[in-house]
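Shown here: start.cif, mmCIF, C-alpha atoms.
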```cif
data_target
loop_
_atom_site.label_atom_id
_atom_site.label_comp_id
_atom_site.auth_asym_id
_atom_site.auth_seq_id
_atom_site.Cartn_x
_atom_site.Cartn_y
_atom_site.Cartn_z
CA MET A 1 0.00 0.00 0.00
CA LEU A 2 2.96 2.31 -0.42
CA GLY A 3 1.74 4.11 -3.57
CA VAL A 4 -1.91 4.50 -2.52
CA GLN A 5 -2.99 7.84 -1.09
CA PRO A 6 -6.33 8.39 0.58
CA ALA A 7 -8.80 10.73 -1.13
CA PHE A 8 -8.67 13.04 1.88
CA ARG A 9 -6.11 13.16 4.60
CA PRO A 10 -6.17 15.53 7.51
CA GLY A 11 -3.47 18.13 7.56
CA PRO A 12 -2.71 21.53 6.06
CA ALA A 13 -4.74 20.93 2.89
CA GLY A 14 -7.80 19.83 4.89
CA LEU A 15 -7.47 22.84 7.16
CA SER A 16 -7.19 25.07 4.09
CA ILE A 17 -10.51 23.75 2.75
CA VAL A 18 -12.16 24.40 6.12
CA LEU A 19 -10.77 27.94 6.44
CA ASN A 20 -11.62 28.85 2.84
CA THR A 21 -15.12 27.41 3.28
CA LEU A 22 -15.60 29.54 6.41
CA ALA A 23 -14.33 32.63 4.57
CA LEU A 24 -16.70 31.88 1.67
CA LEU A 25 -19.53 31.49 4.18
CA GLY A 26 -18.64 34.94 5.55
CA VAL A 27 -18.87 36.42 2.04
CA VAL A 28 -22.22 34.67 1.52
CA GLY A 29 -23.40 36.07 4.85
CA ALA A 30 -22.42 39.62 3.93
CA LEU A 31 -24.15 39.40 0.54
CA ALA A 32 -27.26 37.74 1.95
CA PHE A 33 -27.56 40.23 4.81
CA ALA A 34 -27.28 43.23 2.48
CA PHE A 35 -29.77 41.59 0.10
CA ALA A 36 -32.27 40.90 2.89
CA TRP A 37 -31.85 44.44 4.26
CA GLN A 38 -32.67 45.76 0.79
CA PHE A 39 -36.12 44.17 0.98
CA LEU A 40 -36.87 44.48 4.68
CA TYR A 41 -36.19 48.23 4.78
CA ASN A 42 -36.84 49.08 1.11
CA GLU A 43 -33.30 50.45 0.70
CA LEU A 44 -32.14 49.99 -2.85
CA PRO A 45 -28.37 49.82 -3.24
CA CYS A 46 -26.63 52.78 -4.86
CA PRO A 47 -24.03 52.33 -7.65
CA LEU A 48 -21.13 52.27 -5.15
CA CYS A 49 -23.02 49.70 -3.05
CA LEU A 50 -23.45 47.57 -6.17
CA LEU A 51 -19.70 47.82 -6.90
CA GLN A 52 -19.03 46.57 -3.38
CA ARG A 53 -21.39 43.64 -3.93
CA VAL A 54 -19.59 42.79 -7.18
CA ALA A 55 -16.29 42.88 -5.29
CA PHE A 56 -17.71 40.51 -2.66
CA ILE A 57 -18.91 38.17 -5.41
CA MET A 58 -15.50 38.20 -7.11
CA ALA A 59 -13.76 37.58 -3.76
CA GLY A 60 -16.17 34.70 -3.25
CA VAL A 61 -15.16 33.28 -6.64
CA GLY A 62 -11.52 33.20 -5.54
CA LEU A 63 -12.44 31.49 -2.27
CA LEU A 64 -14.69 29.05 -4.12
CA LEU A 65 -11.77 28.14 -6.41
CA ASN A 66 -9.66 27.42 -3.33
CA VAL A 67 -12.36 25.17 -1.88
CA ARG A 68 -13.04 23.33 -5.12
CA PHE A 69 -9.57 23.03 -6.68
CA GLY A 70 -7.20 23.45 -3.76
CA ALA A 71 -5.36 26.47 -2.47
CA SER A 72 -3.40 28.41 -5.05
CA PRO A 73 -1.65 31.78 -5.02
CA LEU A 74 -3.65 32.68 -8.14
CA HIS A 75 -6.94 32.09 -6.30
CA TYR A 76 -5.76 34.20 -3.38
CA ALA A 77 -4.73 36.89 -5.88
CA VAL A 78 -8.33 36.98 -7.18
CA VAL A 79 -9.56 37.51 -3.61
CA LEU A 80 -6.93 40.17 -2.93
CA ALA A 81 -7.61 42.09 -6.15
CA SER A 82 -11.36 41.96 -5.49
CA ALA A 83 -10.92 43.09 -1.90
CA LEU A 84 -8.71 45.99 -3.04
CA GLY A 85 -11.35 47.09 -5.55
CA GLY A 86 -14.12 46.72 -2.98
CA ALA A 87 -12.10 48.64 -0.39
CA ALA A 88 -11.59 51.46 -2.90
CA ALA A 89 -15.34 51.66 -3.61
CA SER A 90 -16.30 51.52 0.07
CA MET A 91 -13.59 54.04 1.04
CA ARG A 92 -14.94 56.38 -1.66
CA GLN A 93 -18.40 56.07 -0.16
CA VAL A 94 -17.11 56.62 3.37
CA LEU A 95 -15.33 59.77 2.20
CA LEU A 96 -18.51 61.02 0.48
CA HIS A 97 -20.40 60.88 3.79
CA ILE A 98 -17.71 61.84 6.29
CA ALA A 99 -18.66 65.53 6.49
CA PRO A 100 -20.22 66.73 9.77
CA GLY A 101 -23.99 66.65 9.64
CA ASP A 102 -24.11 64.13 6.77
CA ALA A 103 -26.48 61.33 7.74
CA GLY A 104 -24.88 58.88 5.30
CA TYR A 105 -26.58 56.66 2.76
CA GLY A 106 -29.17 54.29 4.16
CA MET A 107 -29.77 53.15 7.71
CA ALA A 108 -26.91 52.26 10.03
CA PHE A 109 -26.45 48.77 11.44
CA LEU A 110 -24.80 48.52 14.86
CA GLY A 111 -23.68 52.12 14.56
CA MET A 112 -22.04 51.88 11.13
CA HIS A 113 -23.38 52.09 7.59
CA PHE A 114 -23.05 49.12 5.24
CA TYR A 115 -20.26 50.75 3.25
CA THR A 116 -18.22 51.10 6.46
CA TRP A 117 -18.88 47.46 7.32
CA ALA A 118 -17.85 46.57 3.77
CA LEU A 119 -14.55 48.42 4.20
CA VAL A 120 -13.88 46.51 7.42
CA SER A 121 -14.76 43.23 5.66
CA PHE A 122 -12.52 43.93 2.67
CA VAL A 123 -9.59 44.74 4.95
CA ALA A 124 -10.28 41.50 6.84
CA LEU A 125 -10.24 39.58 3.54
CA MET A 126 -6.89 41.15 2.64
CA VAL A 127 -5.42 40.19 6.01
CA TYR A 128 -6.85 36.67 5.66
CA CYS A 129 -5.28 36.22 2.21
CA THR A 130 -1.95 37.58 3.39
CA VAL A 131 -1.84 35.09 6.25
CA MET A 132 -3.03 32.20 4.08
CA LEU A 133 -0.46 32.98 1.38
CA ALA A 134 2.23 32.82 4.05
CA VAL A 135 1.12 29.49 5.56
CA ASP A 136 -0.93 27.70 2.89
CA ARG A 137 0.79 26.19 -0.12
CA ARG A 138 -0.39 23.78 -2.72
CA GLN A 139 0.85 20.30 -1.91
CA ALA A 140 3.58 19.53 -4.47
CA ASP A 141 3.28 15.78 -3.94
CA ASN A 142 -0.52 15.75 -4.39
CA PRO A 143 -1.58 18.48 -6.85
CA GLU A 144 -4.97 17.02 -7.78
CA PRO A 145 -8.09 18.67 -6.36
CA ARG A 146 -9.19 17.65 -2.90
CA ALA A 147 -12.66 16.32 -2.34
CA ALA A 148 -14.78 19.05 -0.78
CA GLY A 149 -17.08 17.85 1.96
CA THR A 150 -20.85 18.12 1.98
CA VAL A 151 -20.80 21.37 3.96
CA ALA A 152 -18.30 22.95 1.55
CA VAL A 153 -20.42 21.94 -1.44
CA ALA A 154 -23.54 23.35 0.25
CA VAL A 155 -21.74 26.64 0.91
CA MET A 156 -20.63 26.77 -2.74
CA TRP A 157 -24.22 26.29 -3.96
CA LEU A 158 -25.45 28.87 -1.47
CA PHE A 159 -22.87 31.30 -2.84
CA PHE A 160 -24.11 30.68 -6.40
CA ALA A 161 -27.73 31.27 -5.32
CA VAL A 162 -27.00 34.51 -3.43
CA ALA A 163 -24.80 35.85 -6.25
CA ALA A 164 -27.45 35.03 -8.87
CA ALA A 165 -30.18 36.71 -6.79
CA ASN A 166 -28.03 39.84 -6.44
CA VAL A 167 -27.41 39.96 -10.20
CA LEU A 168 -31.10 39.42 -10.98
CA PHE A 169 -32.36 42.16 -8.68
CA THR A 170 -29.62 44.56 -9.78
CA THR A 171 -30.85 44.07 -13.34
CA LEU A 172 -34.43 44.69 -12.16
CA GLU A 173 -33.27 47.85 -10.37
CA CYS A 174 -31.07 49.33 -13.10
CA GLY A 175 -31.99 47.56 -16.32
CA PHE A 176 -29.08 47.36 -18.73
CA GLY A 177 -28.04 50.99 -18.26
CA ALA A 178 -26.41 53.01 -15.52
CA CYS A 179 -28.02 52.87 -12.10
CA PRO A 180 -29.42 56.09 -10.64
CA ASP A 181 -27.29 57.78 -7.96
CA ASP A 182 -30.11 57.66 -5.41
CA PRO A 183 -32.43 54.83 -6.46
CA THR A 184 -36.00 54.88 -5.16
CA GLU A 185 -37.68 52.17 -7.24
CA TYR A 186 -36.98 49.21 -9.47
CA LEU A 187 -36.78 50.19 -13.13
CA TRP A 188 -38.24 46.92 -14.37
CA LEU A 189 -40.79 46.21 -11.63
CA PRO A 190 -44.20 47.93 -11.50
#
```
Please re-express this file's structure in structure tokens.
Amino acid sequence: MLGVQPAFRPGPAGLSIVLNTLALLGVVGALAFAFAWQFLYNELPCPLCLLQRVAFIMAGVGLLLNVRFGASPLHYAVVLASALGGAAASMRQVLLHIAPGDAGYGMAFLGMHFYTWALVSFVALMVYCTVMLAVDRRQADNPEPRAAGTVAVAVMWLFFAVAAANVLFTTLECGFGACPDDPTEYLWLP
């Protein structure tokens, strides 16, 4: 049995799948929470909010690739580039509303607006990727994809569903053109 390797062995690669699955679940949670808030409080996302959602979706794609195909610096680079773009969009929005007396865009959650929470989340994703790039390497002796567990597969499908719902309702809000700066209604819904 010297040449036979098990389909999944505990160790750094298994831990990588778990950590990337948890990070992907965090991205799904952020997208789902913002999406639910949109309907519960009738707060349509502005163009900068939509850019932040796209950045979360792209970061989720990088994490999903790590879960499905194994950790790779290229996958972490997708997450890092997405988090940098998302941080730029959220920082822009923070700076737009930093003036004294400015109430900000939308309602606050736990004392901060969603764009501020997004900035914190994007910075956390950048720190996560930096740490994982330092400690997580693709196993040179076993480069084939690892089998993702049932929970990881469920999180991946949940990510697809939340991302698709965000794309659908963004299209209903903006159509195929530019979104209004201060949206009040869905363009394609009566």
Given the file above and the PyMOL selection byres ((chain A and resi 166) around 10), which residues are selected, and can you give them as a list in words?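 This file, filtered by the PyMOL selection byres ((chain A and resi 166) around 10), leaves Leu31, Ala32, Ala34, Phe35, Leu50, Arg53, Val54, Ile57, Phe160, Ala161, Val162, Ala163, Ala164, Ala165, Val167, Leu168, Phe169, Thr170, Thr171 and Leu172 of chain A.
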List the residues matched by the PyMOL selection byres ((chain A and resi 21-23) around 8) in the displayed structure as a compact mmCIF listing (two decimals) with C-alpha atoms, keeping the file's coordinate frame, ordered by chain and then by residue number.
```txt
# COMPACT_ATOMS: atom_id res chain seq x y z
CA ILE A 17 -10.51 23.75 2.75
CA VAL A 18 -12.16 24.40 6.12
CA LEU A 19 -10.77 27.94 6.44
CA ASN A 20 -11.62 28.85 2.84
CA LEU A 24 -16.70 31.88 1.67
CA LEU A 25 -19.53 31.49 4.18
CA GLY A 26 -18.64 34.94 5.55
CA VAL A 27 -18.87 36.42 2.04
CA LEU A 63 -12.44 31.49 -2.27
CA LEU A 64 -14.69 29.05 -4.12
CA VAL A 67 -12.36 25.17 -1.88
CA ALA A 152 -18.30 22.95 1.55
CA VAL A 155 -21.74 26.64 0.91
```
Check which residues of segment 44-136 of chain A sit at most 8 Å from segment 180-186 of chain A using all atoms listed in the file, and return one row each with the closest pair of atoms and their distance in Å to one decimal, ordered by chain and rising number, as JSON lines.
```
{"residue": "A:Leu44", "atom": "CA", "partner": "A:Pro183", "partner_atom": "CA", "distance": 6.0}
{"residue": "A:Pro45", "atom": "CA", "partner": "A:Pro183", "partner_atom": "CA", "distance": 7.2}
{"residue": "A:Cys46", "atom": "CA", "partner": "A:Asp181", "partner_atom": "CA", "distance": 5.9}
{"residue": "A:Pro47", "atom": "CA", "partner": "A:Asp181", "partner_atom": "CA", "distance": 6.4}
```
For Asn66 of chain A, find every residue with an atom within 8 Å (counting all atoms listed in the file), except residues of its own chain fewer than 4 positions away, and show them as a PyMOL selection string. chain A and resi 17+20+62+70-72+75-76
Expressed in Å to a single decimal, how great is the separation between atom CA of Trp117 of chain A and atom CA of Leu96 of chain A?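 Between atom CA of Trp117 of chain A and atom CA of Leu96 of chain A the gap works out to 15.2 Å.
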Which residue out of A:Ala30, A:Cys179, A:Leu40, A:Ala77 has the minimum interatomic distance to Phe56 of chain A when all atoms listed in the file are used?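 Smallest separation from Phe56 of chain A among the options: A:Ala30.
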Please evaluate the PyMOL selection byres ((chain A and resi 188) around 7) against the displayed coordinates and give the resulting residues as a ChimeraX atom specification. /A:172-173,175,186-187,189-190
Computed interatomic separation between atom CA of Leu133 of chain A and atom CA of Gln93 of chain A (Å):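 Spanning atom CA of Leu133 of chain A to atom CA of Gln93 of chain A is a straight-line distance of 29.3 Å.
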For Ala88 of chain A, which of A:Leu65, A:Trp37, A:Pro100, A:Phe122 is the closest residue, counting all atoms listed in the file?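 Of A:Leu65, A:Trp37, A:Pro100, A:Phe122, the one nearest Ala88 of chain A is A:Phe122, counting all atoms listed in the file.
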9 Å contact set for Leu84 of chain A, only C-alpha atoms, chain neighbours under 5 positions out, as a PDB file with C-alpha atoms, in the frame of the given file:
```pdb
ATOM      1  CA  ALA A  55     -16.290  42.880  -5.290  1.00  0.00           C
ATOM      2  CA  VAL A  79      -9.560  37.510  -3.610  1.00  0.00           C
ATOM      3  CA  ALA A  89     -15.340  51.660  -3.610  1.00  0.00           C
ATOM      4  CA  PHE A 122     -12.520  43.930   2.670  1.00  0.00           C
ATOM      5  CA  VAL A 123      -9.590  44.740   4.950  1.00  0.00           C
ATOM      6  CA  MET A 126      -6.890  41.150   2.640  1.00  0.00           C
TER       7      MET A 126
END
```
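The space separating atom CA of Cys174 of chain A from atom CA of Val61 of chain A comes to 23.5 Å.
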Measuring between only C-alpha atoms, which one of A:Met58, A:Asp136, A:Val78, A:Gly85 shows the shortest distance to Phe159 of chain A?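 For Phe159 of chain A, the nearest of the given residues is A:Met58.
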Nearest residue to Ala118 of chain A from the set A:Gly86, A:Gly14, A:Gly29, A:Gly60 (distances using all atoms listed in the file):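 Ranked by minimum distance to Ala118 of chain A, first place goes to A:Gly86.
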Calculated over all atoms listed in the file, which of the candidates A:Val94, A:Leu80, A:Val131, A:Ala178 has the smallest distance to His113 of chain A?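 Of the candidates, the smallest distance to His113 of chain A is held by A:Val94.
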For segment 45-77 of chain A, supply N, CA and C atoms and report the output as a PDB file, in the coordinates of the input.
```pdb
ATOM      1  N   PRO A  45     -29.801  49.500  -3.259  1.00  0.00           N
ATOM      2  CA  PRO A  45     -28.370  49.820  -3.240  1.00  0.00           C
ATOM      3  C   PRO A  45     -28.013  50.857  -4.306  1.00  0.00           C
ATOM      4  N   CYS A  46     -27.118  51.758  -3.935  1.00  0.00           N
ATOM      5  CA  CYS A  46     -26.630  52.780  -4.860  1.00  0.00           C
ATOM      6  C   CYS A  46     -25.551  52.170  -5.762  1.00  0.00           C
ATOM      7  N   PRO A  47     -25.075  52.879  -6.773  1.00  0.00           N
ATOM      8  CA  PRO A  47     -24.030  52.330  -7.650  1.00  0.00           C
ATOM      9  C   PRO A  47     -22.762  51.894  -6.901  1.00  0.00           C
ATOM     10  N   LEU A  48     -22.319  52.682  -5.910  1.00  0.00           N
ATOM     11  CA  LEU A  48     -21.130  52.270  -5.150  1.00  0.00           C
ATOM     12  C   LEU A  48     -21.413  51.023  -4.316  1.00  0.00           C
ATOM     13  N   CYS A  49     -22.631  50.917  -3.789  1.00  0.00           N
ATOM     14  CA  CYS A  49     -23.020  49.700  -3.050  1.00  0.00           C
ATOM     15  C   CYS A  49     -22.975  48.482  -3.969  1.00  0.00           C
ATOM     16  N   LEU A  50     -23.450  48.665  -5.199  1.00  0.00           N
ATOM     17  CA  LEU A  50     -23.450  47.570  -6.170  1.00  0.00           C
ATOM     18  C   LEU A  50     -22.020  47.165  -6.533  1.00  0.00           C
ATOM     19  N   LEU A  51     -21.117  48.147  -6.644  1.00  0.00           N
ATOM     20  CA  LEU A  51     -19.700  47.820  -6.900  1.00  0.00           C
ATOM     21  C   LEU A  51     -19.123  46.996  -5.752  1.00  0.00           C
ATOM     22  N   GLN A  52     -19.508  47.336  -4.537  1.00  0.00           N
ATOM     23  CA  GLN A  52     -19.030  46.570  -3.380  1.00  0.00           C
ATOM     24  C   GLN A  52     -19.579  45.144  -3.414  1.00  0.00           C
ATOM     25  N   ARG A  53     -20.830  44.990  -3.827  1.00  0.00           N
ATOM     26  CA  ARG A  53     -21.390  43.640  -3.930  1.00  0.00           C
ATOM     27  C   ARG A  53     -20.666  42.826  -5.009  1.00  0.00           C
ATOM     28  N   VAL A  54     -20.348  43.481  -6.126  1.00  0.00           N
ATOM     29  CA  VAL A  54     -19.590  42.790  -7.180  1.00  0.00           C
ATOM     30  C   VAL A  54     -18.230  42.365  -6.639  1.00  0.00           C
ATOM     31  N   ALA A  55     -17.592  43.227  -5.867  1.00  0.00           N
ATOM     32  CA  ALA A  55     -16.290  42.880  -5.290  1.00  0.00           C
ATOM     33  C   ALA A  55     -16.421  41.699  -4.328  1.00  0.00           C
ATOM     34  N   PHE A  56     -17.491  41.667  -3.538  1.00  0.00           N
ATOM     35  CA  PHE A  56     -17.710  40.510  -2.660  1.00  0.00           C
ATOM     36  C   PHE A  56     -17.920  39.240  -3.482  1.00  0.00           C
ATOM     37  N   ILE A  57     -18.677  39.344  -4.567  1.00  0.00           N
ATOM     38  CA  ILE A  57     -18.910  38.170  -5.410  1.00  0.00           C
ATOM     39  C   ILE A  57     -17.595  37.688  -6.021  1.00  0.00           C
ATOM     40  N   MET A  58     -16.783  38.598  -6.519  1.00  0.00           N
ATOM     41  CA  MET A  58     -15.500  38.200  -7.110  1.00  0.00           C
ATOM     42  C   MET A  58     -14.564  37.605  -6.060  1.00  0.00           C
ATOM     43  N   ALA A  59     -14.560  38.164  -4.848  1.00  0.00           N
ATOM     44  CA  ALA A  59     -13.760  37.580  -3.760  1.00  0.00           C
ATOM     45  C   ALA A  59     -14.270  36.178  -3.449  1.00  0.00           C
ATOM     46  N   GLY A  60     -15.589  36.020  -3.477  1.00  0.00           N
ATOM     47  CA  GLY A  60     -16.170  34.700  -3.250  1.00  0.00           C
ATOM     48  C   GLY A  60     -15.766  33.701  -4.321  1.00  0.00           C
ATOM     49  N   VAL A  61     -15.615  34.162  -5.557  1.00  0.00           N
ATOM     50  CA  VAL A  61     -15.160  33.280  -6.640  1.00  0.00           C
ATOM     51  C   VAL A  61     -13.754  32.758  -6.333  1.00  0.00           C
ATOM     52  N   GLY A  62     -12.874  33.640  -5.888  1.00  0.00           N
ATOM     53  CA  GLY A  62     -11.520  33.200  -5.540  1.00  0.00           C
ATOM     54  C   GLY A  62     -11.524  32.193  -4.401  1.00  0.00           C
ATOM     55  N   LEU A  63     -12.339  32.433  -3.387  1.00  0.00           N
ATOM     56  CA  LEU A  63     -12.440  31.490  -2.270  1.00  0.00           C
ATOM     57  C   LEU A  63     -13.047  30.168  -2.722  1.00  0.00           C
ATOM     58  N   LEU A  64     -14.058  30.256  -3.582  1.00  0.00           N
ATOM     59  CA  LEU A  64     -14.690  29.050  -4.120  1.00  0.00           C
ATOM     60  C   LEU A  64     -13.663  28.209  -4.894  1.00  0.00           C
ATOM     61  N   LEU A  65     -12.811  28.867  -5.676  1.00  0.00           N
ATOM     62  CA  LEU A  65     -11.770  28.140  -6.410  1.00  0.00           C
ATOM     63  C   LEU A  65     -10.824  27.423  -5.452  1.00  0.00           C
ATOM     64  N   ASN A  66     -10.506  28.064  -4.331  1.00  0.00           N
ATOM     65  CA  ASN A  66      -9.660  27.420  -3.330  1.00  0.00           C
ATOM     66  C   ASN A  66     -10.337  26.191  -2.727  1.00  0.00           C
ATOM     67  N   VAL A  67     -11.631  26.304  -2.473  1.00  0.00           N
ATOM     68  CA  VAL A  67     -12.360  25.170  -1.880  1.00  0.00           C
ATOM     69  C   VAL A  67     -12.471  24.033  -2.884  1.00  0.00           C
ATOM     70  N   ARG A  68     -12.779  24.363  -4.112  1.00  0.00           N
ATOM     71  CA  ARG A  68     -13.040  23.330  -5.120  1.00  0.00           C
ATOM     72  C   ARG A  68     -11.766  22.702  -5.695  1.00  0.00           C
ATOM     73  N   PHE A  69     -10.750  23.533  -5.983  1.00  0.00           N
ATOM     74  CA  PHE A  69      -9.570  23.030  -6.680  1.00  0.00           C
ATOM     75  C   PHE A  69      -8.299  23.020  -5.851  1.00  0.00           C
ATOM     76  N   GLY A  70      -8.380  23.402  -4.618  1.00  0.00           N
ATOM     77  CA  GLY A  70      -7.200  23.450  -3.760  1.00  0.00           C
ATOM     78  C   GLY A  70      -6.617  24.850  -3.737  1.00  0.00           C
ATOM     79  N   ALA A  71      -5.922  25.142  -2.662  1.00  0.00           N
ATOM     80  CA  ALA A  71      -5.360  26.470  -2.470  1.00  0.00           C
ATOM     81  C   ALA A  71      -4.309  26.773  -3.526  1.00  0.00           C
ATOM     82  N   SER A  72      -4.353  27.978  -4.038  1.00  0.00           N
ATOM     83  CA  SER A  72      -3.400  28.410  -5.050  1.00  0.00           C
ATOM     84  C   SER A  72      -3.148  29.902  -4.880  1.00  0.00           C
ATOM     85  N   PRO A  73      -1.917  30.339  -5.080  1.00  0.00           N
ATOM     86  CA  PRO A  73      -1.650  31.780  -5.020  1.00  0.00           C
ATOM     87  C   PRO A  73      -2.508  32.574  -6.010  1.00  0.00           C
ATOM     88  N   LEU A  74      -2.803  31.996  -7.161  1.00  0.00           N
ATOM     89  CA  LEU A  74      -3.650  32.680  -8.140  1.00  0.00           C
ATOM     90  C   LEU A  74      -5.048  32.916  -7.587  1.00  0.00           C
ATOM     91  N   HIS A  75      -5.599  31.935  -6.881  1.00  0.00           N
ATOM     92  CA  HIS A  75      -6.940  32.090  -6.300  1.00  0.00           C
ATOM     93  C   HIS A  75      -6.927  33.169  -5.219  1.00  0.00           C
ATOM     94  N   TYR A  76      -5.869  33.161  -4.399  1.00  0.00           N
ATOM     95  CA  TYR A  76      -5.760  34.200  -3.380  1.00  0.00           C
ATOM     96  C   TYR A  76      -5.574  35.573  -4.025  1.00  0.00           C
ATOM     97  N   ALA A  77      -4.904  35.622  -5.168  1.00  0.00           N
ATOM     98  CA  ALA A  77      -4.730  36.890  -5.880  1.00  0.00           C
ATOM     99  C   ALA A  77      -6.076  37.428  -6.358  1.00  0.00           C
TER     100      ALA A  77
END
```
